[in-house]
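Written out below as structure tokens is the structure these notes cover.
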Amino acid sequence: MSTAQRIDRLWWAMLAATAASWWIGETGLWTGPLWPLLIVFGLSLFKGLAIALDFMELRGAPAVWRRFVVGWLLLVILVIVALHLGSR
Amino acid sequence: MTADTTTASAAWPASTREDARLAGDLAMWLIIGIEMLTFGLMFIVFSFARMREPAVFHAGQATLDLHLGATNTALLLTGSWCAARAVQALRGGSERRGARWLWGAAGFGVAFLLLKSLEYRAKASAGYDLDTDTFWTFYYLLTGFHFMHVLAAVLLLAGIAWLAPRRGWQGRNTHAPETVTAFWHMVDLLWVVLFPLVYVLR
């Protein structure tokens, strides 16, 4: 797969992930069981990783930058999810 | 990017590769790092405030239009897609095609700014402002700060779209477009966290 094809596929996948998040938000599913909340932020993590590793090309960057951005993404999402769980 | 580097870029981890390189200028990446830390702190403070005043945040978030938030997400993601394809086109030696992709990215950024402006106008007309309550203070600060970054990114994208064919930014000479598109992608990255936090989990 060429880089352009990979970029195209990731774009489609991120649009699909956004549609899935929209659907969960629209149905109000996330207020009930835990899994919709985890799916919404899991999809956010997927989009963030695709942007960071492929669009920003951090996959081929010095490790310190890749670790910083991926670490930021993981940390921020984990703290947000933990605080959401704390307020349920 | 050549076929060899394309294959290599699919490998993970890449930290042991000798050809590891940062796409864009180091100064821009330092700015990106500072911006990410600032926004990260704001996201966490927003979540803390929401935990302390769940009723206020629930009432505020319930008035937000999820369709608008999702559409804006799609606009930013599509802008990022254009920016990523622009860099590929420029590296492949096509300045004009690269410039068209860059104009496309800027165009999707403008569409985001217009939609967000309409949203701000609707909320202001409905009587929601910075002083309404804690939620609206955070809403305007968080999304307003992000809005300013999108505006800056759009201006930068338009600048390099105009300059790319005039300066011969193609082949191995793509440092400036890489620098600007890295900033654009950061703006998109911040929004993919902001979208579920503010619009989805209402």
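So you can find residues: chains in the structure tokens are A, B, ... in the order shown, residues in each start at 1, and ligands are numbered from 1 in order.
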
Problem - Long-range neighbours of His185 in chain B as a PyMOL selection string, 9 Å cut-off, only C-alpha atoms, 5 positions minimum in chain - result: (chain A and resi 51-52+55-56) or (chain B and resi 76-77+79-80+83-84+180+190)

Handout entry: Distance filter 6 Å, only C-alpha atoms, chain A against chain B, as a ChimeraX atom specification
Key = /A:3,25,44,48,55-56,60-63,87

Could those selected residues go to a file with N, CA and C atoms, as a CSV table (one decimal), in the first residue's frame?
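Result written to part_27.csv:
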chain,number,residue,atom,x,y,z
A,3,THR,N,1.8,5.3,0.5
A,3,THR,CA,1.5,6.2,1.6
A,3,THR,C,0.2,7.0,1.3
A,25,GLY,N,-23.4,9.4,20.9
A,25,GLY,CA,-23.9,10.6,21.6
A,25,GLY,C,-25.3,10.9,21.3
A,44,SER,N,-11.6,8.1,19.8
A,44,SER,CA,-10.9,9.4,19.9
A,44,SER,C,-9.4,9.1,19.9
A,48,GLY,N,-6.6,10.1,17.1
A,48,GLY,CA,-5.4,10.8,17.6
A,48,GLY,C,-4.1,10.1,17.1
A,55,PHE,N,-0.3,11.2,9.8
A,55,PHE,CA,-0.4,12.5,9.2
A,55,PHE,C,0.8,13.4,9.6
A,56,MET,N,1.1,13.4,10.9
A,56,MET,CA,2.2,14.1,11.4
A,56,MET,C,3.6,13.4,11.2
A,60,GLY,N,7.9,7.8,11.9
A,60,GLY,CA,9.3,7.8,11.4
A,60,GLY,C,10.1,8.9,12.0
A,61,ALA,N,9.6,9.5,13.1
A,61,ALA,CA,10.4,10.6,13.8
A,61,ALA,C,11.2,10.0,14.9
A,62,PRO,N,12.1,10.9,15.4
A,62,PRO,CA,12.9,10.5,16.6
A,62,PRO,C,11.9,10.1,17.8
A,63,ALA,N,12.3,9.0,18.5
A,63,ALA,CA,11.3,8.4,19.5
A,63,ALA,C,10.8,9.4,20.5
A,87,SER,N,-17.6,11.0,38.1
A,87,SER,CA,-18.8,11.8,38.3
A,87,SER,C,-20.1,11.0,38.0

Problem - Distance of CA of Leu157 in chain B from CA of Ala106 in chain B, expressed in Å to one decimal place - result: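 Spanning CA of Ala106 in chain B to CA of Leu157 in chain B is a straight-line distance of 5.7 Å.
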
Check range 26-64 of chain A with DSSP on the backbone and list each residue it calls alpha helix (DSSP H), as a PDB file with C-alpha atoms, in the first residue's frame.
ATOM      1  CA  GLU A  26     -27.162  10.991  19.741  1.00  0.00           C
ATOM      2  CA  THR A  27     -28.679   7.853  21.289  1.00  0.00           C
ATOM      3  CA  LEU A  34     -19.652   1.753  30.653  1.00  0.00           C
ATOM      4  CA  TRP A  35     -18.814   0.420  27.176  1.00  0.00           C
ATOM      5  CA  PRO A  36     -20.180   3.329  25.069  1.00  0.00           C
ATOM      6  CA  LEU A  37     -18.008   5.773  27.062  1.00  0.00           C
ATOM      7  CA  LEU A  38     -14.964   3.574  26.484  1.00  0.00           C
ATOM      8  CA  ILE A  39     -15.814   3.208  22.788  1.00  0.00           C
ATOM      9  CA  VAL A  40     -16.178   6.979  22.310  1.00  0.00           C
ATOM     10  CA  PHE A  41     -12.774   7.665  23.844  1.00  0.00           C
ATOM     11  CA  GLY A  42     -11.288   4.575  22.166  1.00  0.00           C
ATOM     12  CA  LEU A  43     -12.354   6.043  18.821  1.00  0.00           C
ATOM     13  CA  SER A  44     -10.877   9.375  19.853  1.00  0.00           C
ATOM     14  CA  LEU A  45      -7.614   7.604  20.690  1.00  0.00           C
ATOM     15  CA  PHE A  46      -7.648   5.840  17.301  1.00  0.00           C
ATOM     16  CA  LYS A  47      -8.127   9.160  15.474  1.00  0.00           C
ATOM     17  CA  GLY A  48      -5.433  10.828  17.553  1.00  0.00           C
ATOM     18  CA  LEU A  49      -2.943   8.029  16.844  1.00  0.00           C
ATOM     19  CA  ALA A  63      11.345   8.399  19.475  1.00  0.00           C
ATOM     20  CA  VAL A  64      11.236  11.302  21.943  1.00  0.00           C
TER      21      VAL A  64
END

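With only C-alpha atoms as the atoms that count, the residue of B:Arg97, B:Leu68, B:Phe108, B:Tyr140 with the shortest distance to Tyr128 in chain B is B:Tyr140.
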